[in-house]
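Asker: Below you will find the structure I want to go over with you.
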Amino acid sequence: MSERFVVIPVGRLEEANNRVTTDTVPGGRWAGNGNDNIVAQETAAAAAVHILEYSREPNKYGDGNPQESSPFINSSDLDRGNLYDGKNMALFEEEMDSNPMVSSLLNKLANYTNLTQGVVEHEEAENNEGARKKEIKSPRMGTFIGVYLPCLQNILGVILFLRFTWIVGTAGILESFAIVFMCCSCTMLTAISMSAIATNGVVPAGGSYYMISRSLGPEFGGAVGLCFYLGTTFAGSMYILGTIEILLTYIVPNAAIFKGENGGESEAMLNNMRVYGTCCIILMALVVYVGVKYVNKLALVFLACVMLSIFAIYAGVIKSAFDPPDFPVCLLGNRILLSRNYDVCAKVVIEANETVTTKLWSLFCDSPSLNASCNEYFKMNNVTEIKGIPGLASGVITDNLWSDYGLQGMLVEKKGQPSISAPDSEFTSPYVSNDIATFFTLLVGIYFPSVTGIMAGSNRSGDLKDAQKSIPVGTIMAIATTSFIYMSCVILFGACIEGVVLRDKFGEAVSGNLVIGILSWPSPWVIVIGSFFSTCGAGLQSLTGAPRLLQAIARDGIVPFLQVFGHGKANGEPTWALLLTAGICEIGILIASLDLVAPILSMFFLMCYMFVNLACAVQTLLCTPNWRPRFKFYHWTLSFLGMSLCLALMFICSWYYALIAMLIAGCIYKYIEYRGAEKEWGDGIRGLSLNAARYALIRLEEAPPHTKNWRPQLMVLLKLDSEQNVKHARLLSFTTQLKAGKGLTIVGSVIEGTYMAKRPEAKQSEQNVKSAMAAEKTKGFCHVVVSSNLRDGFSHLIQSAGLGGMKHNTVLMAWPNLWKQQEDPISWRNFIETVRETTAAHQALLVAKNIDSFPSNQERFSNGTIDVWWIVHDGGLLMLLPFLLQQHKVWRKCKMRIFTVAQMVDNSIQMKKDLQMFLYHLRLNAEVEVVEMHESDISAFTYEKTLVMEQRSQMLKQMQLSRNEREREAQLIHDRNTASHAAISEKVDAVPDRVHMTWTKEKFTAERNRNREPAGIGVRDLFNMKPNQSNVRRMHTAVKLNEVVVNKSQDAHLVLLNMPGPPKNKCGDENYMEFLEVLTEGLNRVLLVRGGGREVITIYS
């Protein structure tokens, strides 16, 4: 290190300041000027360790595209203040601004601190507004506290306590085990994929949304992120409905506002759920709004309730093996009775040696007397009392192996119990019955939400001490634990509880107790209270997490109409997002049925998990260099299996819900794509597109395509004005109308100069061309090159544009309208050279004359014609172009007319028939007309026009000679001055390398007159010259053909003409331009067409 550098520890900053202030040179004065002292102090202050924060601002290095800033490359102004003036690094000192030293990079890496993702409270927000921010403490959460327990709390929830016993009883042990295994396998495979993605870098706030969007792009990220948000929001609705169900069914049934009578209990319960649910969601939203810290503090309490309930269940199962709980159930025949309708499970009892009827008798008979008229089924079947919980050793497991699905209103009956069937009477049936129709797929949709919540660990990655290690281990261990709990509960519930009790969803046969509660030990209230607080806490967590997810999506800016939800309170609390979340939650509350809400959120979670698996599979198959996850136990086949399982479960749960969820995601995807997600996150879909394009290009042979597949692949040559804007935007409009988004379109332009000097202008020109293409809806590629002259630039574009077999075969350019007015012939000479080069490259050429009068994409022709003048055969391009134009709405209503020219020796009638038959085989609808051109003498007008053309050409040559003469005269003066300077210079003995000519006045005058003499003679003979006979014949053809075309097609919307080739002798180039001008004179819109030398249209299929 140079001696001029001094290493100052961070803790000695004040000492460094003093040292900088007092350090002097001999004489006691500071060596610099007066401001150097301040600069030195600022330099010393910059020695403090800079705490980096995760930034979403565009990177300061690179191409300027919005990207995720890397904390390892992000630079600040203090780095630019460091002077790398040491001798060791002088070779790289000019690059220090863009490429920092390795020591600087490692220093930032060592001091990088990822911000915790909790919400900043009001006091912190106010303190952080100043220039100095609070020092951020490093997170210290480990795997157990940071990942395992949150995942456990989110996975175990309302379905386990309220519906799991009913699922086991309805589906049977075997099918229930299959449901649990499928769902748990789905989440385990998803967790493996998620672990790979989460350990491939830092995952900030947003969790799964961040992972998917950065892996699959903003379109997929926005669509799936919003689906995940909706899933989380509806999960909040489900938890709140579960909370109210526990409250009104098992804790305080008397609190119900609406009372059901005469079979209206179900509807009354739904209304109670709506009223209490709305009140509950308002209360929870207020709690979340006041401060999320209260929710976080209560999280441990809610988790303790969950764990205590699980332990109570296992304790009750163990106790039931030797001391089953006493919860009798009353059966009439094989039908289970509602416990609230009887006091004694018997028809009659003996009191004081008298037989007395019971309350149960009154339900089925018209009077309490023994000879009353009773229900036939009641009279023919006995009343039996059995144990609701026979215990682990009872052998009831064999009865619960198989499923027992039923329709809505079907009675719950015990298998194997003797019963005599009889017609039911009109009395109200006091039996337990199915409140909904049950089938396997319904149970899958209801159960799946109980395995969600696996993202809790990845959502807290910023709070973890080692997220790369904690997320995979904690998440997979939590899924393994909960999978064991669910699978064991399937077997244990089926082995301990009677089947009719399992199918009793609301515990109506066991005195209104929670079925899972009567199994637990020491009391059913442990499960009831634990499940109440657990579901209440899960609802609060959903109302806390969903708004933050929406805020993360809104702040990314990929969905424009959601940007308002990115704002919140001063401390970052997403107020507007919380309001929207509460509103969507209310929709789920109004549904009011837990069994109907659960499949909805199952769809959204399954879609999210499916795309997590897809993201991992895509990244693994692409083998991108940045794909280096620390979690190694993954494979693309596992991800693909997980994705397939998620998709299958979506349609198993509910095919119409699956289609609706996909439709919502598809609409969001297309909306983001339509609005143009201006985000480049290095996503896998872009990499997949590149790989697919590479594969297709390699497979695509460079040989010309078959005639049936030929379509014009355009190279559009544009000219730019002095401000680098497009001169003829209608050329792009015509391209859009001709291509309609099909095939290849390359828009090219040339800037004169050197690339080093003109690079900014080239970039600006490219942006201007792309803007013009977007405005004209031209889909294609833009290519602006810098060349020493326009001719070479266009030549390079024609030769090298495209890639492999994906190259252009047609060049489209505008006619140089001002070629006559320009003294400099370079413009039209460039045009002719371009014509020659396209011919040499065997490419077709389209030249649009009067391009500015061509229609825009918004115009519509309601009638009119497109006229084709087929003079010579060019491969059929003349007839193919109008057909392609008619596919666009601008030209759709125009009719096609084909004109051909017959000579005197031709049979016009037969030519017309042959042409009509040819068009019939080509499947083209067009009017056919054969125009006869009679032999006629060359008119005086033609002779005179040819003479004027040749005189003009000769004058241009004379002007060119005059220009060359002036240049030669300037060179002579320069040589004379050089000779005079050499004469007065110092004499040297060495032999001179160059002999300078000595010019006298007489010699100079004679040389000038000698050079002027041929020019003078040319001017004198200019008006005595005779036109070339070949030019006269060409002019005659152009004039006569123009008369015929104007006569027939003057009112046509577009005229297509064969474009004659340029002369082989370049001396007649200016005459060639005149011939084309005469040929198209008097026509509004003309497209000159020159074929590429191959057939482009065929009669065969």
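In the structure tokens, chains take the letters A, B, ... in the order shown, each chain's residues start at 1, and ligands count up from 1 in the order shown.
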Tell me which protein, DNA and RNA residues are within 8 Å of Phe565 in chain A, counting only C-alpha atoms, leaving out same-chain ones fewer than 3 positions away, and put them as a compact mmCIF listing (two decimals) with N, CA, C and O atoms, in the first residue's frame.
Answerer:
```txt
# COMPACT_ATOMS: atom_id res chain seq x y z
N LEU A 550 -49.92 -7.53 -0.42
CA LEU A 550 -50.48 -6.62 -1.41
C LEU A 550 -49.63 -5.37 -1.54
O LEU A 550 -49.42 -4.84 -2.65
N GLN A 551 -49.11 -4.89 -0.43
CA GLN A 551 -48.25 -3.70 -0.45
C GLN A 551 -46.96 -3.98 -1.24
O GLN A 551 -46.50 -3.14 -2.01
N ALA A 554 -47.87 -3.94 -4.86
CA ALA A 554 -48.16 -2.57 -5.32
C ALA A 554 -46.87 -1.75 -5.47
O ALA A 554 -46.73 -0.98 -6.42
N LEU A 562 -53.04 -0.96 -8.74
CA LEU A 562 -52.85 -1.30 -7.33
C LEU A 562 -51.86 -0.37 -6.63
O LEU A 562 -51.57 -0.56 -5.45
N GLY A 568 -49.15 3.90 2.95
CA GLY A 568 -49.68 3.58 4.27
C GLY A 568 -49.33 4.68 5.27
O GLY A 568 -49.10 5.84 4.90
N PRO A 574 -49.60 -0.75 6.07
CA PRO A 574 -50.38 -0.64 4.83
C PRO A 574 -51.86 -0.40 5.10
O PRO A 574 -52.68 -1.32 5.07
N THR A 575 -52.24 0.83 5.33
CA THR A 575 -53.61 1.16 5.71
C THR A 575 -54.61 0.84 4.60
O THR A 575 -55.62 0.16 4.83
N TRP A 576 -54.32 1.32 3.38
CA TRP A 576 -55.26 1.11 2.29
C TRP A 576 -55.36 -0.37 1.95
O TRP A 576 -56.44 -0.88 1.63
N ALA A 577 -54.24 -1.06 1.99
CA ALA A 577 -54.26 -2.49 1.71
C ALA A 577 -55.05 -3.24 2.78
O ALA A 577 -55.74 -4.23 2.48
```
Asker: Using only C-alpha atoms, I'd like a table of the residues in range 789-813 of chain A that come within 8 Å of range 744-763 of chain A; for each, show the closest atom pair and its distance in Å rounded to one decimal, ordered by chain and ascending number, as JSON lines.
Answerer:
```
{"residue": "A:Asn789", "atom": "CA", "partner": "A:Glu752", "partner_atom": "CA", "distance": 5.2}
{"residue": "A:Leu790", "atom": "CA", "partner": "A:Val750", "partner_atom": "CA", "distance": 6.1}
{"residue": "A:Gly793", "atom": "CA", "partner": "A:Val750", "partner_atom": "CA", "distance": 5.6}
{"residue": "A:Phe794", "atom": "CA", "partner": "A:Val750", "partner_atom": "CA", "distance": 6.7}
{"residue": "A:Leu797", "atom": "CA", "partner": "A:Gly748", "partner_atom": "CA", "distance": 7.0}
{"residue": "A:Ala801", "atom": "CA", "partner": "A:Ile746", "partner_atom": "CA", "distance": 7.7}
{"residue": "A:Gly802", "atom": "CA", "partner": "A:Ile746", "partner_atom": "CA", "distance": 7.9}
{"residue": "A:Met806", "atom": "CA", "partner": "A:Leu744", "partner_atom": "CA", "distance": 7.5}
{"residue": "A:Lys807", "atom": "CA", "partner": "A:Leu744", "partner_atom": "CA", "distance": 7.7}
{"residue": "A:His808", "atom": "CA", "partner": "A:Leu744", "partner_atom": "CA", "distance": 6.9}
```
Asker: Residues at most 12 Å from Gly222 in chain A, counting only C-alpha atoms, excluding those fewer than 5 positions away in the same chain, as a ChimeraX atom specification?
Answerer: /A:206,208-217,227-229,549-550,552-560,562,608,611,664-673,677,679
Asker: Any idea what's packed within 8 Å of Gly333 in chain A, counting only C-alpha atoms, ignoring anything in its chain fewer than 6 positions away? Could you give it as a list of chain:residue names?
Answerer: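 My reading of the contact set: A:Asn381, A:Asn382, A:Val383, A:Thr384, A:Gln417, A:Pro418, A:Ser419, A:Ile420.
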Asker: Considering only C-alpha atoms, state which residue in the set A:Arg548, A:His728, A:His888, A:Lys387 is at the smallest distance from Asn850 in chain A.
Answerer: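 Closest to Asn850 in chain A of all the choices is A:His728.
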